[in-house]
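Note sheet for the following structure.
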Amino acid sequence: MFADFEALEIDTGKARIFARRGGSGPGLLLLHGFPETHVMWRDVAPSLARDFTVVCADLRGYGQSSCPPSAADHAPYAKRAMAADLVVLMAQLGFKRFLVAGHDRGGRVAYRLALDHPDRVEKLAVLDIVPTAEAWDRADARLALGFWPWSLLAQPEPLPETILAAAAEAIVDNALSGWGSAADAFPPGVRQAYVDALRDPAHVHAICEEYRAAASLDRVHDHADREAGRRISCPVLALWSEHGALAEWYRNEDGPLGIWRNWAEDASGGAMSGGHFFPEESPIETAATLDAFFSGR
């Protein structure tokens with residue numbers, strides 16, 4: 001994996017962010033979700049590196065990145081703080097402006113990045129999400145049962161930390177097989193990398209803090225933007241799983257794209273082959289779709 005990519009560790013002043021960089025051209029930042037790490041981009045990044053300088057980063061608290069101390073309000077793991085890391089990361093790599101794509105949790109960091117730093121983001125792709133406040137405002141039994149990490153990992157410590165640490169393999173297996181994705185999309189080495197990323201108590205706590213922030217402070221930030229009429233100014237590509245929950249849950253809002261059009265001045269998109277983890281199930285289609293959007297083809 002990532003044979004032609006160099007490994008980097010960048011000190012952002014608040015966290016140490018691990019990333020892999022490869023290719024040449026405009027800067028393109030790729031962000032992962034849960035329970036993944038940057039490894040999720042292993043089959044997408046090499047294709048994109050033909051046209052872009054691709055940077056695959058581990059979010060703070062995930063993978064090989066550091067775990068800054070948290071706070072009572074969970075602010076160090078709010079998407080605002082995580083996005084600020086990545087502005088510094090990309091600037092230190094020579095990109096004042098860049099492209100960004102994020103899947104799942106990474107998508108939440110990515111759209112916060114575009115809202116908080118509109119001068120930095122040229123184009124944004126969000127994969128299999130709607131904005132955090134929109135999801136919580138519409139939350140019902142389907143979300144509670146289908147996307148259980150939202151409620152379970154947001155519980156006060158130490159309950160979710162104890163569960164994650166004690167059952168890392170079961171957590172990963174349930175996520176990778178339970179959200180509409182094919183098991184063969186995750187070779188044993190990849191699955192093990194995701195399990196290993198949940199073995200460290202500091203990272204387990206950081207991940208739970210990120211979910212607690214999503215259930216609280218991230219919603220506050222989203223509501224503040226919506227009430228102020230702030231919208232994402234750059235072009236947005238919204239992609240979602242054709243076999244996943246989003247299209248069905250938000251059918252009355254014209255699907256995920258209908259919701260994103262309320263948040264962005266220019267939003268387009270559509271469904272992708274596979275389940276929630278379609279970048280790993282359908283990497284050729286994912287890479288081609290992202291390449292066409294970011295290249296303007």
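Labeling convention for the structure tokens: chains A, B, ... as they appear, residues from 1 per chain, ligands from 1 in order of appearance.
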Each residue of region 191-259 of chain A with at least one atom at most 8 Å from region 119-131 of chain A should appear once, together with its nearest atom pair and the corresponding distance in Å (one decimal); atoms considered: only C-alpha atoms; ordering: chain, then increasing residue number; output as a tab-separated table.
residue	atom	partner	partner_atom	distance
A:Asp222	CA	A:Pro131	CA	7.7
A:Cys234	CA	A:Lys123	CA	5.4
A:Pro235	CA	A:Lys123	CA	5.2
A:Val236	CA	A:Leu124	CA	4.9
A:Leu237	CA	A:Ala125	CA	4.5
A:Ala238	CA	A:Val126	CA	5.1
A:Leu239	CA	A:Leu127	CA	4.9
A:Trp240	CA	A:Asp128	CA	4.1
A:Ser241	CA	A:Asp128	CA	6.3
A:Leu246	CA	A:Asp128	CA	7.3
A:Pro256	CA	A:Val130	CA	6.2
A:Ile259	CA	A:Val130	CA	7.0
Please produce an output containing N, CA and C atoms for each residue in the selection, written as a JSON list (two decimals), in the first residue's frame.
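Result file follows (again27.json):
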[["chain", "number", "residue", "atom", "x", "y", "z"],
["A", 222, "ASP", "N", -22.83, 24.09, 13.60],
["A", 222, "ASP", "CA", -23.67, 23.98, 12.41],
["A", 222, "ASP", "C", -24.90, 24.88, 12.51],
["A", 234, "CYS", "N", -17.49, 27.23, -2.13],
["A", 234, "CYS", "CA", -16.83, 26.51, -3.22],
["A", 234, "CYS", "C", -17.75, 25.44, -3.79],
["A", 235, "PRO", "N", -17.47, 24.93, -4.99],
["A", 235, "PRO", "CA", -18.26, 23.82, -5.53],
["A", 235, "PRO", "C", -18.19, 22.59, -4.63],
["A", 236, "VAL", "N", -19.32, 21.93, -4.46],
["A", 236, "VAL", "CA", -19.44, 20.76, -3.60],
["A", 236, "VAL", "C", -19.94, 19.58, -4.41],
["A", 237, "LEU", "N", -19.27, 18.44, -4.24],
["A", 237, "LEU", "CA", -19.72, 17.17, -4.81],
["A", 237, "LEU", "C", -20.17, 16.28, -3.66],
["A", 238, "ALA", "N", -21.44, 15.91, -3.64],
["A", 238, "ALA", "CA", -21.97, 15.00, -2.63],
["A", 238, "ALA", "C", -22.18, 13.63, -3.25],
["A", 239, "LEU", "N", -21.54, 12.61, -2.69],
["A", 239, "LEU", "CA", -21.68, 11.24, -3.15],
["A", 239, "LEU", "C", -22.20, 10.39, -2.01],
["A", 240, "TRP", "N", -23.03, 9.41, -2.33],
["A", 240, "TRP", "CA", -23.56, 8.55, -1.29],
["A", 240, "TRP", "C", -23.76, 7.14, -1.84],
["A", 241, "SER", "N", -23.89, 6.19, -0.94],
["A", 241, "SER", "CA", -24.03, 4.78, -1.29],
["A", 241, "SER", "C", -25.39, 4.49, -1.89],
["A", 246, "LEU", "N", -28.76, 6.75, 3.37],
["A", 246, "LEU", "CA", -29.03, 8.17, 3.21],
["A", 246, "LEU", "C", -30.13, 8.48, 2.21],
["A", 256, "PRO", "N", -29.84, 13.15, -0.16],
["A", 256, "PRO", "CA", -28.71, 13.89, 0.40],
["A", 256, "PRO", "C", -28.39, 15.16, -0.38],
["A", 259, "ILE", "N", -30.38, 18.15, 0.65],
["A", 259, "ILE", "CA", -29.91, 18.76, 1.90],
["A", 259, "ILE", "C", -28.66, 19.58, 1.65]]
Report task. Show which residues sit within 10 Å of Ala197 (chain A), as JSON, numbers by chain. Count only C-alpha atoms, and ignore same-chain residues fewer than 4 positions away. Result -> {"A": [35, 36, 37, 61, 62, 63, 64, 168, 192, 193, 201, 203, 204]}
Requested in this report: Determine which residues of region 84-214 of chain A DSSP labels as strand (DSSP E or B) from the backbone of this structure, then write them out as a count of residues only.
Outcome: 13
Query - Residues of region 8-136 of chain A in helix (DSSP H, G or I), written as a PyMOL selection string - result: chain A and resi 38-41+45-48+75-77+79-92+105-116+132-136
**Report entry** Length of the CA of Gly22 (chain A) to CA of Ala57 (chain A) vector [Å]
**Finding:** 11.9 Å
Query raised in the report: So how many Å separate CA of Gly296 (chain A) and CA of Ala247 (chain A), to one decimal?
Result: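 Going from CA of Gly296 (chain A) over to CA of Ala247 (chain A) covers 25.6 Å.
Non-sequential neighbours of Leu48 (chain A) (distance at most 7 Å, separation of 5 or more positions within a chain, only C-alpha atoms) are Val54, Ala287 and Asp291 of chain A.
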With C-alpha atoms kept, could you save the residues just selected as a PDB file, in the first residue's frame?
ATOM      1  CA  VAL A  54      -2.426  13.670  -2.875  1.00  0.00           C
ATOM      2  CA  ALA A 287     -11.251   7.734  -8.125  1.00  0.00           C
ATOM      3  CA  ASP A 291     -10.832  13.072 -10.586  1.00  0.00           C
TER       4      ASP A 291
END
All residues 12 Å or closer to Gly244 (chain A), only C-alpha atoms, same chain fewer than 6 positions away omitted, as a PDB file with C-alpha atoms, in the first residue's frame:
ATOM      1  CA  LEU A 127     -18.859  11.093   0.841  1.00  0.00           C
ATOM      2  CA  ASP A 128     -21.898   9.394   2.417  1.00  0.00           C
ATOM      3  CA  ILE A 129     -22.865  12.092   4.897  1.00  0.00           C
ATOM      4  CA  GLY A 146     -28.301   1.688  12.058  1.00  0.00           C
ATOM      5  CA  PHE A 147     -25.438   4.041  12.885  1.00  0.00           C
ATOM      6  CA  GLY A 178     -23.069  -4.007   8.763  1.00  0.00           C
ATOM      7  CA  TRP A 179     -23.378  -0.819   6.704  1.00  0.00           C
ATOM      8  CA  GLY A 180     -24.118  -2.319   3.323  1.00  0.00           C
ATOM      9  CA  SER A 181     -20.550  -3.030   2.251  1.00  0.00           C
ATOM     10  CA  ALA A 182     -19.075  -6.268   0.920  1.00  0.00           C
ATOM     11  CA  TYR A 250     -33.815  11.706   3.355  1.00  0.00           C
ATOM     12  CA  GLY A 255     -32.137  12.896  -0.925  1.00  0.00           C
ATOM     13  CA  PRO A 256     -28.713  13.894   0.403  1.00  0.00           C
ATOM     14  CA  ALA A 271     -25.221   7.645  -5.747  1.00  0.00           C
ATOM     15  CA  MET A 272     -22.177   5.378  -5.987  1.00  0.00           C
ATOM     16  CA  SER A 273     -21.882   1.603  -6.316  1.00  0.00           C
ATOM     17  CA  GLY A 274     -21.484  -0.211  -3.031  1.00  0.00           C
ATOM     18  CA  GLY A 275     -22.303   0.338   0.615  1.00  0.00           C
ATOM     19  CA  HIS A 276     -21.176   2.977   3.097  1.00  0.00           C
ATOM     20  CA  PHE A 277     -17.521   2.156   2.449  1.00  0.00           C
ATOM     21  CA  PHE A 278     -17.821   2.543  -1.323  1.00  0.00           C
TER      22      PHE A 278
END
Query raised in the report: For Val100 (chain A), which of A:Arg142, A:Arg112, A:His221, A:Arg199 is the closest residue, counting only C-alpha atoms?
Result: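 Once distances to Val100 (chain A) are computed over only C-alpha atoms, the minimum belongs to A:Arg112.
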Requested in this report: Work out how far apart CA of Leu99 (chain A) and CA of Asp11 (chain A) are and give it in Å to one decimal.
Outcome: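 A separation of 20.9 Å between them.
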Report task. Give me the residues within 12 Å of Leu113 (chain A) as JSON, numbers by chain, counting only C-alpha atoms and dropping any in the same chain fewer than 2 places off. Result -> {"A": [29, 31, 78, 79, 80, 81, 82, 83, 84, 85, 86, 87, 88, 90, 97, 98, 99, 100, 101, 102, 106, 107, 108, 109, 110, 111, 115, 116, 117, 118, 119, 120, 121, 122, 123, 124, 125, 126, 232, 233, 234]}
Atoms kept (C-alpha atoms) for selection, written as a compact mmCIF listing (two decimals), in the first residue's frame:
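Written output follows (result09.txt):
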# COMPACT_ATOMS: atom_id res chain seq x y z
CA LEU A 29 -6.41 16.26 0.82
CA LEU A 31 -9.79 12.34 4.91
CA ALA A 78 -14.77 19.31 17.53
CA LYS A 79 -14.54 19.37 13.75
CA ARG A 80 -13.47 23.02 13.99
CA ALA A 81 -10.27 22.05 15.82
CA MET A 82 -9.65 19.06 13.55
CA ALA A 83 -10.09 21.23 10.47
CA ALA A 84 -7.63 23.79 11.82
CA ASP A 85 -4.97 21.04 12.01
CA LEU A 86 -5.38 20.41 8.31
CA VAL A 87 -5.08 24.05 7.27
CA VAL A 88 -1.66 24.05 8.96
CA MET A 90 -1.47 21.71 3.95
CA ARG A 97 -5.40 26.60 -1.26
CA PHE A 98 -6.30 23.01 -1.93
CA LEU A 99 -8.98 20.48 -2.79
CA VAL A 100 -10.48 18.20 -0.15
CA ALA A 101 -12.54 15.02 -0.07
CA GLY A 102 -13.77 13.39 3.11
CA GLY A 106 -13.57 12.93 7.47
CA GLY A 107 -16.43 14.41 5.46
CA ARG A 108 -17.58 16.25 8.58
CA VAL A 109 -14.13 17.70 9.08
CA ALA A 110 -13.97 18.56 5.38
CA TYR A 111 -17.18 20.60 5.23
CA LEU A 115 -17.10 26.76 6.17
CA ASP A 116 -14.42 28.03 8.56
CA HIS A 117 -11.67 28.58 5.96
CA PRO A 118 -13.39 29.43 2.66
CA ASP A 119 -10.23 31.06 1.34
CA ARG A 120 -8.37 27.74 1.62
CA VAL A 121 -10.73 25.25 -0.06
CA GLU A 122 -11.12 25.32 -3.85
CA LYS A 123 -13.50 22.36 -4.13
CA LEU A 124 -15.07 19.99 -1.62
CA ALA A 125 -16.30 16.39 -1.94
CA VAL A 126 -18.35 14.85 0.89
CA ILE A 232 -20.18 26.75 1.56
CA SER A 233 -18.94 28.99 -1.24
CA CYS A 234 -16.83 26.51 -3.22
Requested in this report: Using only C-alpha atoms, determine which residues lie at most 12 Å from His223 (chain A), disregarding the query and same-chain residues fewer than 4 positions distant; provide the list as a ChimeraX atom specification.
Outcome: /A:131-137,216-219,227-231,263
Please save C-alpha atoms of the selected residues as a tab-separated table (two decimals), in the first residue's frame.
chain	number	residue	atom	x	y	z
A	131	PRO	CA	-24.24	17.84	7.79
A	132	THR	CA	-24.04	16.79	11.42
A	133	ALA	CA	-26.81	19.07	12.67
A	134	GLU	CA	-29.11	17.89	9.87
A	135	ALA	CA	-28.55	14.27	10.87
A	136	TRP	CA	-29.13	14.90	14.57
A	137	ASP	CA	-32.19	17.11	13.96
A	216	SER	CA	-22.79	18.62	21.13
A	217	LEU	CA	-20.40	21.34	19.96
A	218	ASP	CA	-20.41	20.39	16.27
A	219	ARG	CA	-24.19	20.78	16.28
A	227	GLU	CA	-28.91	30.77	11.49
A	228	ALA	CA	-26.36	33.27	10.15
A	229	GLY	CA	-26.99	32.19	6.59
A	230	ARG	CA	-23.39	31.07	6.06
A	231	ARG	CA	-23.03	28.65	3.15
A	263	TRP	CA	-25.70	24.37	2.66
Report task. Might you pull out every residue within 9 Å of Leu164 (chain A), with only C-alpha atoms counted and same-chain residues fewer than 5 positions away left off, and present them as a PyMOL selection string? Result -> chain A and resi 153+159+169-171+198-199+204
